[in-house]
Every structure is written in C-alpha cells, then in structure tokens.
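Report on one structure; see the data block that follows.
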Amino acid sequence: MSLRDLLIEDEENIYNEHLQDLHIEKKKIKNKTLKDINFSNIEIIESEFNNVFFENVTFDKSDLSNTRFIDCGFKKVTINNSKMIGTNFITCHLNEVTIKNSRCRYLNLADLKTKQLTINDSDLSESSMFSIILIKFKTDNTNYSKSEIIETPLNKIDFSKCNITDIKVDQNSLKGIEVNTLQAMDLLKLFDINIIE
C-alpha cells in the first residue's frame, strides 16, 4: 500500500514519514494519528480530516485550501509557506501550533481551544474567528483586515504590528486588546465614535 493510500485508509496511523508531492482531492481522512510527519509540497484540497491527531507535524509549501479539520488535535505542528484559503478548523484543540508565511484568506476557526498558537507574517484577511479560547496566543505582521472575531476574548493580545483594518469584533471580545494609536482610532468606528480635533 502506498503512503497516499495509507493516509486515506481509515484508522491507519502513520509515524516517522516524509510525504511529498502528493495530490489528494475530495477525500475523507478520519480516525488516525499522524506523528513525526513532514508534509512537503503536498496538495490536500477540498477534503476532510475528522478525529485525526497530528503530533510533531510540519506542513511546508503545501496547499490545504477548502479542507475541513473537524474534532482534530494538533500538538507541535508548524504550517509554513503554505496555502489555506477557505480552510475550516472546527472543534479542534491546537497546542504549540505555528502558522507562518502562509496565505489563509477566508480561514474559518470555530469552537477551538488553543494553547501556544502563533500566527506570523501571514494573510488571514476576511477570515472568521468564532468562540475560541486563546491561551498564549501571539501574532505579528499578519493581515486580519475585514475579518470577523466573535465570542473570542482578546484580552492582553498584542495586535499592534498587524493589519486590523475594517475588522468586525463584538464588544466583549474587544476588551483588553492591545493595539497602537492608529488602530485604536479605527476601532472607535465600531461604536460610532468620531474624534474631533
């Protein structure tokens, strides 16, 4: 059985592998553990991961666009220089996850629990973050413009070096957010407050 077939096969775990140059489309991958795996230059698009546990996994130069991750666990996972346009993470646990140098427009994050999530140098414009518990969340030089953040407390989270132009965020989520002066003036528009000098 090829590694591609093993990846798709239900309840078949994969350990200590380097998977590269694979193309998987419109497949369901469920009930398995992927540990110590390096994905390089792979495409898993318009597919679904359900109840899959990723540990010590790297996605590099990969395309996960329009793929759904449902009830999955992520521990020590890095997504680098990759594409996740329209990707969904729903009721997942993210622990020590890093997303960097990636295109993630229209990303949908819903009902997540996170611990040590880092997002740097990426594009999350027009994305949605709904009902997320953010613990040790760090972000830098990332585009969140026109994104929606609902029921996701941002207290003590520093967005000062990110683009948050035209974000939509509910009042409870906004409490305690750390922003620069220009961003603060932009956020006042959410409450129909105009500054007169």
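Each chain of the structure tokens is named A, B, ... in the order shown, its residues numbered from 1; ligands are numbered from 1 in display order.
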Please report, as CSV, each residue of region 17-73 of chain A lying at most 12 Å from region 92-98 of chain A, together with the nearest pair of atoms and the separation in Å rounded to one decimal; use only C-alpha atoms, and order rows by chain and ascending residue number.
```
residue,atom,partner,partner_atom,distance
A:Phe49,CA,A:Cys92,CA,10.8
A:Asn50,CA,A:Cys92,CA,9.8
A:Asn51,CA,A:Cys92,CA,8.9
A:Val52,CA,A:Cys92,CA,9.7
A:Phe53,CA,A:His93,CA,9.4
A:Phe54,CA,A:Leu94,CA,9.6
A:Glu55,CA,A:Asn95,CA,9.5
A:Asn56,CA,A:Glu96,CA,9.5
A:Val57,CA,A:Val97,CA,9.6
A:Thr58,CA,A:Thr98,CA,9.5
A:Phe59,CA,A:Thr98,CA,10.4
A:Asp60,CA,A:Thr98,CA,11.7
A:Arg68,CA,A:Cys92,CA,10.7
A:Phe69,CA,A:Cys92,CA,7.4
A:Ile70,CA,A:Cys92,CA,6.3
A:Asp71,CA,A:Cys92,CA,4.8
A:Cys72,CA,A:Cys92,CA,4.8
A:Gly73,CA,A:His93,CA,4.8
```
Considering only C-alpha atoms, can you say which of A:Ile164, A:Ser173, A:Thr67, A:Arg105 comes closest to Met185 (chain A)? A:Ile164
Using DSSP secondary structure from the backbone, list all strand (DSSP E) positions within chain A, as a ChimeraX atom specification. /A:14-20,23-25,28-40,43-45,48-60,68-70,73-80,88-90,93-100,108-110,113-120,128-130,133-135,138-140,148-150,168-169
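In this comparison, which uses only C-alpha atoms, the residue of A:Asn108, A:Thr152, A:Asn66, A:Asn16 approaching Leu134 (chain A) most closely is A:Thr152.
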When you look at region 115-128 of chain A with a cut-off of 8 Å (counting only C-alpha atoms), what residues show up, excluding the ones that are within fewer than 6 positions of it in the same chain? I need them as a PyMOL selection string. chain A and resi 94-109+134-149
Quote the spacing between CA of Ser40 (chain A) and CA of Asp21 (chain A) in Å to one decimal place.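 Pair CA of Ser40 (chain A) / CA of Asp21 (chain A) returns 6.8 Å.
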Per DSSP on the backbone, what are the alpha helix (DSSP H) residues of region 1-184 of chain A, as a PyMOL selection string? chain A and resi 3-8+171-174+181-184
Do a neighbour search on Leu22 (chain A) at 9 Å with only C-alpha atoms, toss out local chain neighbours closer than 6 positions, and write the hits as a CSV table (one decimal) with N, CA, C and O atoms, in the first residue's frame.
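Okay, out_12.csv is ready:
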```csv
chain,number,residue,atom,x,y,z
A,4,ARG,N,0.2,7.4,0.1
A,4,ARG,CA,-1.0,8.1,-0.2
A,4,ARG,C,-2.3,7.3,0.2
A,4,ARG,O,-3.2,7.8,0.8
A,39,PHE,N,5.2,17.0,5.8
A,39,PHE,CA,4.5,17.1,4.6
A,39,PHE,C,5.2,18.2,3.8
A,39,PHE,O,5.3,19.3,4.3
A,40,SER,N,5.6,17.9,2.6
A,40,SER,CA,6.3,18.9,1.8
A,40,SER,C,5.7,18.9,0.4
A,40,SER,O,5.7,17.9,-0.3
A,41,ASN,N,5.3,20.1,-0.1
A,41,ASN,CA,4.8,20.3,-1.4
A,41,ASN,C,3.7,19.3,-1.7
A,41,ASN,O,3.6,18.6,-2.7
A,42,ILE,N,2.7,19.3,-0.8
A,42,ILE,CA,1.6,18.4,-1.0
A,42,ILE,C,0.3,19.2,-1.2
A,42,ILE,O,0.2,20.4,-0.8
A,43,GLU,N,-0.7,18.7,-1.8
A,43,GLU,CA,-2.0,19.3,-2.0
A,43,GLU,C,-3.0,18.4,-1.4
A,43,GLU,O,-3.2,17.2,-1.9
A,44,ILE,N,-3.7,18.8,-0.4
A,44,ILE,CA,-4.9,18.1,0.2
A,44,ILE,C,-6.0,19.1,0.1
A,44,ILE,O,-6.1,19.9,1.1
```
